[in-house]
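Peer 1: Please find entry_6.cif (mmCIF, C-alpha atoms) on the next line:
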data_model
loop_
_atom_site.label_atom_id
_atom_site.label_comp_id
_atom_site.auth_asym_id
_atom_site.auth_seq_id
_atom_site.Cartn_x
_atom_site.Cartn_y
_atom_site.Cartn_z
CA MET A 4 0.00 0.00 0.00
CA LYS A 5 2.81 2.37 0.91
CA LEU A 6 4.61 1.54 -2.36
CA ARG A 7 1.54 2.50 -4.41
CA LYS A 8 1.36 5.93 -2.71
CA VAL A 9 4.99 6.66 -3.55
CA THR A 10 4.47 5.64 -7.16
CA ALA A 11 1.38 7.82 -7.52
CA ALA A 12 3.18 10.79 -6.00
CA SER A 13 6.09 10.29 -8.35
CA ALA A 14 3.71 10.22 -11.30
CA VAL A 15 2.22 13.54 -10.22
CA VAL A 16 5.65 15.15 -9.91
CA LEU A 17 6.66 13.83 -13.30
CA ALA A 18 3.46 15.16 -14.91
CA LEU A 19 3.99 18.59 -13.39
CA ALA A 20 7.57 18.66 -14.63
CA VAL A 21 6.52 17.79 -18.18
CA THR A 22 3.78 20.43 -18.09
CA ALA A 23 6.16 23.10 -16.85
CA THR A 24 8.67 22.23 -19.56
CA ALA A 25 6.01 22.42 -22.25
CA CYS A 26 4.78 25.81 -21.01
CA GLY A 27 8.32 27.15 -20.97
CA SER A 28 8.81 26.00 -24.54
CA ASP A 29 5.65 27.78 -25.73
CA ASP A 30 6.68 31.01 -24.03
CA LYS A 31 10.03 30.90 -25.74
CA LYS A 32 8.43 30.36 -29.13
CA ASP A 33 6.30 33.46 -28.80
CA SER A 34 9.13 35.74 -27.70
CA GLY A 35 10.67 38.18 -30.11
CA SER A 36 14.14 36.84 -29.37
CA SER A 37 13.69 33.41 -30.94
CA SER A 38 15.89 33.01 -34.03
CA SER A 39 13.96 30.37 -35.96
CA GLY A 40 12.57 26.89 -35.67
CA GLY A 41 8.83 27.40 -35.55
CA GLY A 42 8.71 30.44 -33.29
CA LYS A 43 7.62 33.98 -33.99
CA ILE A 44 9.45 37.24 -34.46
CA LYS A 45 8.04 40.63 -33.51
CA ILE A 46 8.92 43.48 -35.85
CA GLY A 47 8.10 47.15 -35.35
CA ILE A 48 6.63 49.14 -38.25
CA LYS A 49 4.39 52.12 -38.89
CA TYR A 50 0.71 51.39 -39.47
CA ASP A 51 -0.26 54.67 -41.15
CA GLN A 52 2.26 55.39 -43.92
CA PRO A 53 1.14 54.22 -47.39
CA GLY A 54 4.02 52.89 -49.46
CA LEU A 55 6.12 52.28 -46.35
CA GLY A 56 4.21 50.73 -43.48
CA LEU A 57 0.44 50.49 -43.72
CA LYS A 58 -2.14 48.29 -42.03
CA LYS A 59 -4.84 47.69 -44.63
CA PRO A 60 -8.57 47.33 -43.91
CA ASP A 61 -8.33 43.55 -44.25
CA GLY A 62 -5.67 43.41 -41.51
CA SER A 63 -2.74 42.72 -43.83
CA PHE A 64 0.34 44.94 -44.08
CA ALA A 65 2.04 46.56 -47.06
CA GLY A 66 4.83 48.96 -47.92
CA PHE A 67 8.55 49.20 -48.57
CA ASP A 68 9.49 48.89 -44.89
CA VAL A 69 7.23 45.84 -44.66
CA ASP A 70 8.88 44.28 -47.72
CA VAL A 71 12.37 44.94 -46.36
CA ALA A 72 11.49 43.59 -42.92
CA THR A 73 9.86 40.48 -44.42
CA TYR A 74 12.95 39.79 -46.52
CA VAL A 75 15.26 40.27 -43.55
CA ALA A 76 13.11 38.04 -41.36
CA GLY A 77 13.30 35.37 -44.05
CA LYS A 78 17.07 35.45 -43.95
CA LEU A 79 16.89 35.12 -40.17
CA GLY A 80 14.87 31.95 -40.60
CA TYR A 81 11.27 33.15 -40.33
CA LYS A 82 8.43 32.65 -42.77
CA PRO A 83 5.97 35.53 -43.33
CA SER A 84 3.39 33.64 -41.26
CA GLN A 85 5.78 33.75 -38.28
CA ILE A 86 6.01 37.54 -38.27
CA GLU A 87 4.02 39.51 -35.72
CA TRP A 88 3.81 43.15 -36.80
CA VAL A 89 3.85 45.64 -33.93
CA GLU A 90 2.93 49.31 -34.37
CA THR A 91 5.82 51.46 -33.20
CA LYS A 92 5.15 55.17 -33.36
CA SER A 93 8.10 57.52 -33.68
CA ALA A 94 8.09 58.62 -30.05
CA ASP A 95 8.16 55.04 -28.72
CA ARG A 96 10.70 53.34 -30.98
CA GLU A 97 13.66 53.48 -28.60
CA ASN A 98 11.54 52.32 -25.66
CA ALA A 99 10.07 49.42 -27.65
CA LEU A 100 13.56 48.13 -28.39
CA ALA A 101 14.82 48.65 -24.84
CA ARG A 102 11.81 46.78 -23.41
CA GLY A 103 12.25 43.93 -25.84
CA ASP A 104 8.78 44.45 -27.33
CA VAL A 105 10.22 43.83 -30.79
CA LYS A 106 13.33 42.22 -32.26
CA PHE A 107 13.94 45.05 -34.70
CA ILE A 108 12.22 48.12 -36.16
CA ALA A 109 11.85 49.15 -39.80
CA ALA A 110 9.77 52.33 -39.68
CA THR A 111 11.26 55.29 -41.60
CA TYR A 112 13.82 55.30 -38.78
CA SER A 113 16.48 57.87 -39.72
CA ILE A 114 19.92 57.12 -38.31
CA THR A 115 21.16 60.01 -36.17
CA ASP A 116 24.00 60.42 -33.69
CA GLU A 117 21.50 61.09 -30.92
CA ARG A 118 19.55 57.91 -31.59
CA LYS A 119 22.72 55.85 -31.81
CA GLN A 120 23.28 56.59 -28.13
CA LYS A 121 20.17 54.54 -27.33
CA VAL A 122 19.88 51.90 -30.07
CA ASP A 123 22.05 50.16 -32.65
CA PHE A 124 21.31 50.39 -36.36
CA ALA A 125 21.72 48.03 -39.28
CA GLY A 126 21.86 49.55 -42.73
CA PRO A 127 21.10 52.11 -43.97
CA TYR A 128 18.69 50.51 -46.44
CA LEU A 129 17.28 53.68 -48.03
CA LEU A 130 18.54 57.23 -48.55
CA ALA A 131 15.58 59.60 -48.57
CA HIS A 132 15.47 63.39 -48.81
CA GLN A 133 13.12 66.10 -47.66
CA ASP A 134 11.13 67.13 -50.72
CA LEU A 135 7.93 68.80 -51.89
CA LEU A 136 4.79 67.18 -53.26
CA VAL A 137 2.77 69.39 -55.60
CA LYS A 138 0.00 69.02 -58.18
CA LYS A 139 1.18 67.91 -61.60
CA ALA A 140 0.24 71.27 -63.15
CA SER A 141 2.01 73.26 -60.41
CA ASP A 142 4.64 75.85 -61.31
CA ILE A 143 6.55 75.13 -58.08
CA SER A 144 9.88 73.62 -59.09
CA LYS A 145 12.22 74.89 -56.38
CA ALA A 146 11.89 75.72 -52.70
CA THR A 147 12.05 79.50 -53.23
CA ASP A 148 8.88 79.23 -55.34
CA LEU A 149 7.04 78.61 -52.07
CA ASN A 150 7.21 82.31 -51.13
CA GLY A 151 3.62 83.48 -50.96
CA LYS A 152 2.33 79.90 -51.27
CA LYS A 153 0.69 77.66 -48.67
CA LEU A 154 2.98 74.90 -47.42
CA CYS A 155 1.64 71.99 -45.38
CA SER A 156 3.26 69.61 -42.95
CA VAL A 157 2.30 67.72 -39.81
CA THR A 158 2.00 69.47 -36.46
CA GLY A 159 5.28 69.15 -34.58
CA SER A 160 7.30 68.37 -37.71
CA THR A 161 10.40 70.44 -38.40
CA SER A 162 10.21 69.98 -42.19
CA ALA A 163 8.00 72.96 -43.05
CA GLN A 164 9.67 75.18 -40.47
CA ASN A 165 13.09 74.41 -41.96
CA VAL A 166 11.91 75.50 -45.40
CA HIS A 167 10.32 78.66 -43.99
CA ASP A 168 13.34 79.62 -41.88
CA THR A 169 16.10 78.92 -44.40
CA ILE A 170 14.69 79.09 -47.94
CA ALA A 171 11.21 80.61 -48.30
CA PRO A 172 10.48 83.02 -45.42
CA LYS A 173 7.26 84.20 -47.06
CA ALA A 174 5.75 80.74 -47.30
CA GLN A 175 2.49 80.38 -45.38
CA LEU A 176 2.76 77.41 -43.07
CA LYS A 177 -0.27 75.18 -42.57
CA GLU A 178 -0.18 72.37 -40.02
CA TYR A 179 -2.43 69.31 -39.93
CA SER A 180 -2.55 66.35 -37.58
CA GLY A 181 -1.42 63.86 -40.21
CA TYR A 182 0.02 63.65 -43.71
CA SER A 183 -3.19 62.19 -45.08
CA GLU A 184 -4.89 65.48 -44.18
CA CYS A 185 -2.12 67.42 -45.91
CA ILE A 186 -2.48 65.35 -49.07
CA ALA A 187 -6.25 65.85 -49.07
CA ALA A 188 -5.70 69.61 -48.65
CA LEU A 189 -3.32 69.58 -51.60
CA GLN A 190 -5.90 67.76 -53.67
CA ASN A 191 -8.67 70.29 -52.96
CA GLY A 192 -6.44 73.33 -53.32
CA ALA A 193 -6.32 74.36 -49.67
CA VAL A 194 -2.51 74.20 -49.82
CA ASP A 195 0.01 74.44 -52.65
CA ALA A 196 2.61 71.95 -51.48
CA VAL A 197 3.32 69.34 -48.83
CA THR A 198 6.77 68.68 -47.40
CA THR A 199 8.42 65.75 -45.60
CA ASP A 200 10.66 62.84 -46.68
CA ASP A 201 10.31 62.09 -50.40
CA SER A 202 9.72 58.40 -49.65
CA ILE A 203 6.73 59.25 -47.44
CA LEU A 204 5.33 61.68 -50.01
CA ALA A 205 5.75 59.14 -52.80
CA GLY A 206 3.95 56.49 -50.77
CA PHE A 207 0.91 58.70 -50.24
CA ALA A 208 0.86 59.91 -53.84
CA ALA A 209 1.03 56.34 -55.14
CA GLN A 210 -2.38 55.48 -53.67
CA ASP A 211 -5.02 54.70 -56.27
CA LYS A 212 -7.25 57.59 -55.20
CA TYR A 213 -4.45 60.06 -56.01
CA LYS A 214 -3.15 58.39 -59.16
CA ASP A 215 -1.60 60.81 -61.67
CA GLN A 216 -2.58 63.88 -59.63
CA PHE A 217 0.73 64.78 -57.95
CA LYS A 218 4.44 64.94 -58.59
CA LEU A 219 7.57 65.22 -56.47
CA ALA A 220 9.57 68.39 -57.02
CA GLY A 221 12.76 66.32 -56.87
CA LEU A 222 14.52 68.56 -54.34
CA LYS A 223 17.05 67.27 -51.82
CA LEU A 224 16.51 69.53 -48.84
CA SER A 225 18.01 67.03 -46.37
CA ASN A 226 19.47 63.53 -46.22
CA GLU A 227 17.54 60.88 -44.29
CA ASN A 228 19.38 57.57 -43.89
CA TYR A 229 16.77 54.94 -42.97
CA GLY A 230 18.15 52.19 -40.77
CA ILE A 231 16.79 49.13 -39.00
CA GLY A 232 16.78 49.73 -35.26
CA VAL A 233 18.03 46.97 -32.94
CA LYS A 234 18.37 46.82 -29.17
CA LYS A 235 21.57 48.48 -27.98
CA GLY A 236 24.39 45.96 -27.74
CA ASP A 237 22.81 43.27 -29.95
CA THR A 238 25.70 43.21 -32.40
CA ALA A 239 24.94 39.69 -33.59
CA THR A 240 21.50 40.70 -34.87
CA VAL A 241 22.88 43.87 -36.48
CA ASN A 242 25.43 41.79 -38.41
CA LYS A 243 22.81 39.28 -39.56
CA ILE A 244 20.49 42.06 -40.75
CA ASN A 245 23.34 43.77 -42.59
CA ASP A 246 24.11 40.52 -44.39
CA ALA A 247 20.44 40.17 -45.33
CA LEU A 248 20.25 43.74 -46.66
CA THR A 249 23.39 43.20 -48.74
CA THR A 250 21.82 40.10 -50.30
CA MET A 251 18.51 41.89 -50.88
CA VAL A 252 20.32 44.48 -53.00
CA SER A 253 22.45 41.99 -54.92
CA ASP A 254 19.53 39.74 -55.88
CA LYS A 255 17.46 42.75 -57.10
CA ALA A 256 14.71 42.27 -54.49
CA TRP A 257 15.50 45.73 -53.06
CA GLN A 258 14.90 47.56 -56.35
CA LYS A 259 11.79 45.50 -57.00
CA ALA A 260 10.37 46.64 -53.65
CA VAL A 261 11.20 50.28 -54.42
CA ASP A 262 9.48 50.12 -57.81
CA ALA A 263 6.41 48.38 -56.43
CA ASN A 264 5.84 50.79 -53.56
CA PHE A 265 7.02 54.16 -54.90
CA GLY A 266 6.99 53.85 -58.70
CA PRO A 267 3.47 55.21 -59.34
CA ALA A 268 4.52 58.61 -57.92
CA GLY A 269 7.57 58.94 -60.16
CA TYR A 270 9.94 58.51 -57.24
CA LYS A 271 13.54 58.76 -58.43
CA ASN A 272 15.26 56.79 -55.72
CA GLU A 273 18.90 56.97 -54.82
CA PRO A 274 20.93 53.81 -55.44
CA ALA A 275 20.85 51.40 -52.53
CA PRO A 276 23.19 52.79 -49.86
CA LYS A 277 26.22 50.83 -48.76
CA ILE A 278 26.03 49.27 -45.34
CA GLY A 279 27.44 51.60 -42.72
CA GLN A 280 27.76 54.53 -45.15
CA ILE A 281 25.84 57.48 -43.73
CA VAL A 282 25.28 60.43 -46.06
CA LYS A 283 25.35 63.69 -44.12
#
Rewrite the structure from the file as C-alpha cells, please.

Peer 2:
Amino acid sequence: MKLRKVTAASAVVLALAVTATACGSDDKKDSGSSSSGGGKIKIGIKYDQPGLGLKKPDGSFAGFDVDVATYVAGKLGYKPSQIEWVETKSADRENALARGDVKFIAATYSITDERKQKVDFAGPYLLAHQDLLVKKASDISKATDLNGKKLCSVTGSTSAQNVHDTIAPKAQLKEYSGYSECIAALQNGAVDAVTTDDSILAGFAAQDKYKDQFKLAGLKLSNENYGIGVKKGDTATVNKINDALTTMVSDKAWQKAVDANFGPAGYKNEPAPKIGQIVK
C-alpha cells in the first residue's frame, strides 16, 4: 500500500515537470528573441504610412518597410506567417527596443548620432530626402517658389519650419494632424505643397485615389538615412540584418520593392546605400 502511494506521487511530480517544460517552450516560441525553428518574431513598423508601413482594412500589411522587414526576417529563418507586426510610433521606438517588445524596427527610422546613443542600427537601407509634393500642373519647381504659397506639414514636424526659416520666409505654413490630411488639402487646393521625406510623399501619392494627380519636385533639402533599429548591444543581430540587406540588393529584391511601392509617384530613388555609409 505504501509503495503504491509513492508511485502515484512520483507520477504527479513527473506530470507537473513535463507540463512546466512544455509551457516554458511555448513562451520561448512566442518571444521576439527566438531566431527560428517554428517560433515567432516581432517586428516594429508604422501602421499609417502608405508605401512604407500600412495596415490595410483587411488586416494585412504593405509597404517598402514591410517588404524589407519580411525579406530580412526570411534570412533570419522566419516565414511571413511567423512575423508579428507591432505598431511602433516615432516617439516610442527606442523604448520598444529597450523593453524587448520587438526584435527590430523598420519604420522610416532615420539614423542620427542622438539615436545611436540609445539603439544600434543596421543599414542604412534607403537614402531619402526632404522634398515637396505638388500638383502635376504646379509651377513650383524649387523651394524659393514657395514664397507666398501655402505649405503643409504635420504638427510638430520640423520639415516645413526648416523650409520657412532657411529658404522661403514668405511661405504660409499650414499644419495638420497627419500627412493624409495634408495630401487631401493639396488635392482640394487648400494648400500648394506638402513637405516631408520624399519616400513618405511618394507612398501617399502612389495610392489609387491620387493616381496621376501629384508629382515630387525632386529637391534634396536634407538627407535621411533609414536604418533598422536593434536593441543596444545586440551586435549579432545587427550583423545578420546587414548581411540580409546586402543580399537583398544583390539579388534585385530591393529595387523590386522600391518600384512596387514608390513607382506610381515617379519617385527617383537613390541607389541602394552601402552598409554603414551614412550620407550627411

Peer 1: Return the single residue from A:Asn165, A:Gln258, A:Ser253, A:Gln175 that is closest to Val194 in chain A, with distances computed using only C-alpha atoms.

Peer 2: A:Gln175

Peer 1: Quick one: residues within 6 Å of (5.2, 48.3, -49.2) (file frame), counting all atoms listed in the file, please, as a list in words.

Peer 2: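 Those residues lying close to the given coordinates are Gly54, Leu55, Ala65, Gly66, Phe67, Val69, Asp70 and Asn264 of chain A.
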
Peer 1: Provide the CA of Ala260 in chain A to CA of Ile278 in chain A distance in Å, to one decimal place.

Peer 2: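 Between CA of Ala260 in chain A and CA of Ile278 in chain A the gap is 17.9 Å.
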
Peer 1: Extract, using only C-alpha atoms, all DNA, RNA and protein residues at most 9 Å from Gly126 in chain A, discarding same-chain residues fewer than 6 positions from it, and format them as a ChimeraX atom specification.

Peer 2: /A:114,228-231,241,244-245,248-249,276-281

Peer 1: Identify which of the residues A:Thr147, A:Thr238, A:Thr250, A:Asn272 lies closest to Val122 in chain A, counting only C-alpha atoms when measuring atom-to-atom distances.

Peer 2: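 Under the stated criterion, the closest residue is A:Thr238.
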
Peer 1: If the PyMOL selection byres ((chain A and resi 49) around 6) were run on this exact file, what residues would it hold? Put them as a PyMOL selection string.

Peer 2: chain A and resi 48+50-51+56+90-91+110

Peer 1: Using all atoms listed in the file, which of A:Ser180, A:Tyr81, A:Thr199, A:Ala247 sits nearest Gln164 in chain A?

Peer 2: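 Closest to Gln164 in chain A, using all atoms listed in the file: A:Thr199.
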
Peer 1: Care to translate the PyMOL selection byres ((chain A and resi 184) around 12) into actual residues of this file, as a PDB file with C-alpha atoms, in the coordinates of the input?

Peer 2:
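Okay, result06.pdb is ready:
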ATOM      1  CA  CYS A 155       1.640  71.990 -45.380  1.00  0.00           C
ATOM      2  CA  SER A 156       3.260  69.610 -42.950  1.00  0.00           C
ATOM      3  CA  VAL A 157       2.300  67.720 -39.810  1.00  0.00           C
ATOM      4  CA  THR A 158       2.000  69.470 -36.460  1.00  0.00           C
ATOM      5  CA  LYS A 177      -0.270  75.180 -42.570  1.00  0.00           C
ATOM      6  CA  GLU A 178      -0.180  72.370 -40.020  1.00  0.00           C
ATOM      7  CA  TYR A 179      -2.430  69.310 -39.930  1.00  0.00           C
ATOM      8  CA  SER A 180      -2.550  66.350 -37.580  1.00  0.00           C
ATOM      9  CA  GLY A 181      -1.420  63.860 -40.210  1.00  0.00           C
ATOM     10  CA  TYR A 182       0.020  63.650 -43.710  1.00  0.00           C
ATOM     11  CA  SER A 183      -3.190  62.190 -45.080  1.00  0.00           C
ATOM     12  CA  CYS A 185      -2.120  67.420 -45.910  1.00  0.00           C
ATOM     13  CA  ILE A 186      -2.480  65.350 -49.070  1.00  0.00           C
ATOM     14  CA  ALA A 187      -6.250  65.850 -49.070  1.00  0.00           C
ATOM     15  CA  ALA A 188      -5.700  69.610 -48.650  1.00  0.00           C
ATOM     16  CA  LEU A 189      -3.320  69.580 -51.600  1.00  0.00           C
ATOM     17  CA  GLN A 190      -5.900  67.760 -53.670  1.00  0.00           C
ATOM     18  CA  ASN A 191      -8.670  70.290 -52.960  1.00  0.00           C
ATOM     19  CA  ALA A 193      -6.320  74.360 -49.670  1.00  0.00           C
ATOM     20  CA  VAL A 194      -2.510  74.200 -49.820  1.00  0.00           C
ATOM     21  CA  VAL A 197       3.320  69.340 -48.830  1.00  0.00           C
ATOM     22  CA  PHE A 207       0.910  58.700 -50.240  1.00  0.00           C
TER      23      PHE A 207
END

Peer 1: Rank A:Tyr270, A:Ala171, A:Ala209, A:Val233 by their smallest atom-to-atom distance to Lys106 in chain A, using all atoms listed in the file, and report the top residue only.

Peer 2: A:Val233

Peer 1: Pick the closest to Asp142 in chain A from A:Lys283, A:Lys243, A:Lys45, A:Lys218: which is it, counting all atoms listed in the file?

Peer 2: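 So, comparing all the options, the nearest one is A:Lys218.
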
Peer 1: Please provide as a count of residues only all residues within 10 Å of His132 in chain A, with the sequence filter that same-chain residues fewer than 5 positions apart are discarded (counting all atoms listed in the file).

Peer 2: 15
